[in-house]
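As structure tokens, the structure follows; a few thoughts come after it.
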Amino acid sequence: MGAAATAALGGLGRTGVFLGQTLFCCLTPPIKGARVLKQIWFIGWKSMLVIVLTGTFTGMVLALQSFPTLRRVGSEALLGPLVALALLRELGPVLTALMVTGRAGSAIAAEIGIMRTTEQTDALELMGLNPLRYVVVPNLLAAMVALPLLTAVFDVVGTWGGYLVGVRLLGLDGGTYFGEISNHAEMKDVLGGVYKALTFGLLIAWVCCYKGYYSRFGAEGVSAATTQAVVNTSVLILVWDYFVTSVVF
Amino acid sequence: MIRVEELWKSLGGQEVLRGVSFELQPGEFTALIGLSGCGKSLLLKHLVGLLKPDRGRVWLGGQEVGKASAKQLEFLRSRIGFVFQGGALFDSMTVYDNVAFPLREKTSLGEADIRCKVEEELELVGLRDASKKFPAQLSGGMLKRVALARALVRDPEIVLIDEPTTGLDPVVSRAVLELFGSVHERLKLTGILVSHEIPRIFEIVQRVAMLHEGRIIAMDTPERFCASPDPVVQQFVDGSSVGQCVSPARVPNRVPSRRDALTCSTAQPTFLTRGKCRV
């Protein structure tokens, strides 16, 4: 029991040191700009299709589920704000983060794990390059840029999905749908979602890079690291979401 | 040029290096041999500061590696070319980009100069035509040669080569060893070559060192090394499976055979019993 607690504490400490070192590298030059752009393309652009699909259908199902209840209480005009606020405040950042974790976070953990196993990170070190600066920092910066952008896309297509179902399918007036959104949604809601997405980006890159960087050797080690990266990040996103919500909103 | 003094290292509670000491003069190419898993790769990683010893010291060109600052360590490493056992090539880059990578990252050379230098190195290892291939498209021998080209591209003074012929067929492994020999002949580099290619390795090195049970038990010219009376050295040179170096009883998961009972005692030096033990 004592040994397990010590190991857990040691692991937490190592995770904290890893983040500290990475943030220090983020704040001190040189930053590998080309690598950052490449990772923005990988994390951001290559996740676009999955974000558009999940965003659209989330907005659609949200409208489909809410409309009957709202009609029962005579408030169907509030369908737009309900869909938009749910997306802006919660579903947009959280679902985007979970999708990016599954698509890009797992790939990042596996790539770094394989680089460790095949001594590519040792080779970087021998060339005088800090592996954290070369491998981890670009992922961290790219995730913090890509997540808010992807969340914005998710929110827009989700709202559009809600419009498709609420207006085109269920007969709500289009002007009411968008007019009520502009009446109820505030800048605070938009910024709250952006803050969440920023911190989720940091969380995804931090945990996935850490798990890959300290993966055990061999195929089994990399496979375990990838699984742990996805599971731990997903759980942390939901836990962290609660605390950010309680502070921001 | 390279000096190691009483180097100790434990891994997972097991002492792998137990007081390794040796010295290499400039321009000297030395083969490091020993049983698989005896700590040869571990020793090489200590030389370049990738691992920290539990005890002992390593000097490279007069600078103690353990006491070097980050800047000094970077400078020391810039003088070293390291060929990893698996090549450690960046699998997301082509052969050309792999070899050009150290120049792009650590020098101020323009792309034209980098191209010239990379083509020269690829020519040296006979792989100029493979420059656009990715590591996954290369054979084992080609991977090792690309790794050598990358290690040499910044004109190092020291090369450390870890088992360059593992997994290669005899023809390719001979070609790879001859390539290392000719590169050394041409560039007069100081180097350590970890290899099991006995006796072929003796043709290209000036000295041979044997790591056994955590220590360097013999270090001499190939001729004198082969003539060593040490039974462990003799067994390794002969490639015999029976003797003090390794005996059937020490090979894990081995099913004892009738032949074991007829084999000479492992406590007896092999060179004394050779010829009498044939079953």
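Identifiers in this document derive from the order of the structure tokens: chains are assigned A, B, ..., residues are numbered from 1 separately in each chain, and ligands are numbered from 1 in order of occurrence.
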Interface list for chain A, partner chain B, 7 Å threshold, only C-alpha atoms, as a ChimeraX atom specification: /A:118-120,123,126-128
Let me see the file: selected residues, N, CA and C atoms, as a PDB file, in the first residue's frame.
ATOM      1  N   THR A 118      12.992   3.205 -30.340  1.00  0.00           N
ATOM      2  CA  THR A 118      13.974   3.027 -31.410  1.00  0.00           C
ATOM      3  C   THR A 118      15.160   4.001 -31.271  1.00  0.00           C
ATOM      4  N   GLU A 119      15.301   4.588 -30.114  1.00  0.00           N
ATOM      5  CA  GLU A 119      16.445   5.454 -29.759  1.00  0.00           C
ATOM      6  C   GLU A 119      16.519   6.739 -30.592  1.00  0.00           C
ATOM      7  N   GLN A 120      15.408   7.104 -31.249  1.00  0.00           N
ATOM      8  CA  GLN A 120      15.435   8.346 -32.039  1.00  0.00           C
ATOM      9  C   GLN A 120      15.579   9.573 -31.129  1.00  0.00           C
ATOM     10  N   ALA A 123      19.142   9.848 -30.284  1.00  0.00           N
ATOM     11  CA  ALA A 123      19.880  10.403 -31.419  1.00  0.00           C
ATOM     12  C   ALA A 123      19.740  11.932 -31.445  1.00  0.00           C
ATOM     13  N   LEU A 126      22.008  13.374 -28.830  1.00  0.00           N
ATOM     14  CA  LEU A 126      23.419  13.350 -29.225  1.00  0.00           C
ATOM     15  C   LEU A 126      23.742  14.404 -30.275  1.00  0.00           C
ATOM     16  N   MET A 127      22.718  14.843 -31.003  1.00  0.00           N
ATOM     17  CA  MET A 127      22.947  15.918 -31.980  1.00  0.00           C
ATOM     18  C   MET A 127      22.864  17.283 -31.312  1.00  0.00           C
ATOM     19  N   GLY A 128      22.699  17.297 -29.988  1.00  0.00           N
ATOM     20  CA  GLY A 128      22.626  18.570 -29.278  1.00  0.00           C
ATOM     21  C   GLY A 128      21.235  19.175 -29.295  1.00  0.00           C
TER      22      GLY A 128
END
Residues of segment 45-243 of chain B in strand (DSSP E or B), written as an MDAnalysis selection string: chainID B and resid 55:60 63:64 80:83 158:162 190:194 207:212 215:220
Contacts of Ala175 of chain B within 12 Å, only C-alpha atoms, excl. fewer than 5 positions in-chain, as a ChimeraX atom specification: /B:125-126,141-142,144-145,164-165,168-170,180-182,200-201,204
Deliver the residues from the most recent selection as a file, using C-alpha atoms, as a compact mmCIF listing (two decimals), in the first residue's frame.
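Below is the file that was written, selection_22.txt:
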# COMPACT_ATOMS: atom_id res chain seq x y z
CA VAL B 125 28.64 4.76 -47.95
CA GLY B 126 27.49 3.88 -51.47
CA GLY B 141 22.64 -3.15 -44.29
CA MET B 142 21.47 0.05 -45.96
CA LYS B 144 23.41 0.86 -40.97
CA ARG B 145 25.19 2.65 -43.79
CA PRO B 164 26.64 -2.54 -36.99
CA THR B 165 26.29 -6.05 -38.40
CA LEU B 168 22.87 -9.00 -41.51
CA ASP B 169 23.91 -11.86 -43.75
CA PRO B 170 27.66 -12.69 -43.91
CA PHE B 180 33.86 1.05 -41.44
CA GLY B 181 37.48 -0.03 -41.86
CA SER B 182 37.97 2.06 -44.98
CA ARG B 200 36.62 -10.52 -39.19
CA ILE B 201 36.59 -7.57 -36.82
CA ILE B 204 39.99 -3.54 -39.24
Distance criterion (only C-alpha atoms): nearest to Met93 of chain B out of B:Lys133, B:Ala218, B:Val118, B:Gly13: B:Lys133
Backbone DSSP call of alpha helix (DSSP H) for segment 64-163 of chain A, listed as a count of residues only: 73
Residue contacts of segment 52-66 of chain A (6 Å, only C-alpha atoms) excluding same-chain residues fewer than 6 positions away, as a VMD selection string: chain A and resid 154 157 to 159 161 to 162 165 to 166
Using only C-alpha atoms, which residues sit within 10 Å of Met219 of chain B once same-chain residues fewer than 4 positions away are excluded, as a CSV table (one decimal) with N, CA and C atoms, in the first residue's frame?
chain,number,residue,atom,x,y,z
B,22,PHE,N,39.5,1.8,-19.0
B,22,PHE,CA,40.3,1.6,-20.2
B,22,PHE,C,40.6,3.0,-20.8
B,23,GLU,N,41.5,3.0,-21.7
B,23,GLU,CA,41.9,4.3,-22.3
B,23,GLU,C,42.2,4.1,-23.8
B,30,THR,N,39.1,0.7,-31.9
B,30,THR,CA,39.1,-0.4,-31.0
B,30,THR,C,37.8,-1.2,-31.1
B,31,ALA,N,37.9,-2.5,-31.1
B,31,ALA,CA,36.7,-3.3,-31.1
B,31,ALA,C,36.4,-3.7,-29.6
B,32,LEU,N,35.1,-3.6,-29.3
B,32,LEU,CA,34.6,-3.9,-28.0
B,32,LEU,C,33.8,-5.2,-28.1
B,207,ARG,N,43.0,-2.4,-31.8
B,207,ARG,CA,43.0,-3.0,-30.5
B,207,ARG,C,41.6,-3.7,-30.3
B,208,VAL,N,41.6,-4.7,-29.4
B,208,VAL,CA,40.4,-5.4,-29.1
B,208,VAL,C,40.3,-5.4,-27.6
B,209,ALA,N,39.1,-5.0,-27.1
B,209,ALA,CA,38.8,-5.1,-25.6
B,209,ALA,C,37.7,-6.0,-25.4
B,210,MET,N,37.8,-6.8,-24.3
B,210,MET,CA,36.7,-7.7,-24.0
B,210,MET,C,36.0,-7.3,-22.7
B,211,LEU,N,34.7,-7.1,-22.7
B,211,LEU,CA,34.0,-6.8,-21.5
B,211,LEU,C,33.3,-8.1,-21.0
B,224,ARG,N,47.8,-10.2,-30.2
B,224,ARG,CA,48.1,-10.5,-28.8
B,224,ARG,C,46.9,-10.9,-28.1
B,225,PHE,N,45.7,-10.3,-28.5
B,225,PHE,CA,44.4,-10.7,-27.9
B,225,PHE,C,44.1,-12.2,-28.2
B,228,SER,N,46.0,-14.6,-26.2
B,228,SER,CA,45.8,-14.5,-24.7
B,228,SER,C,45.6,-15.8,-24.1
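Summary of the local environment: counting only C-alpha atoms, residues at most 12 Å from Pro29 of chain A, other than itself and those fewer than 2 positions away along its chain, are Leu23, Phe24, Cys25, Cys26, Leu27, Ile31, Lys32, Gly33, Asn130, Arg133, Tyr134 and Val137 of chain A.
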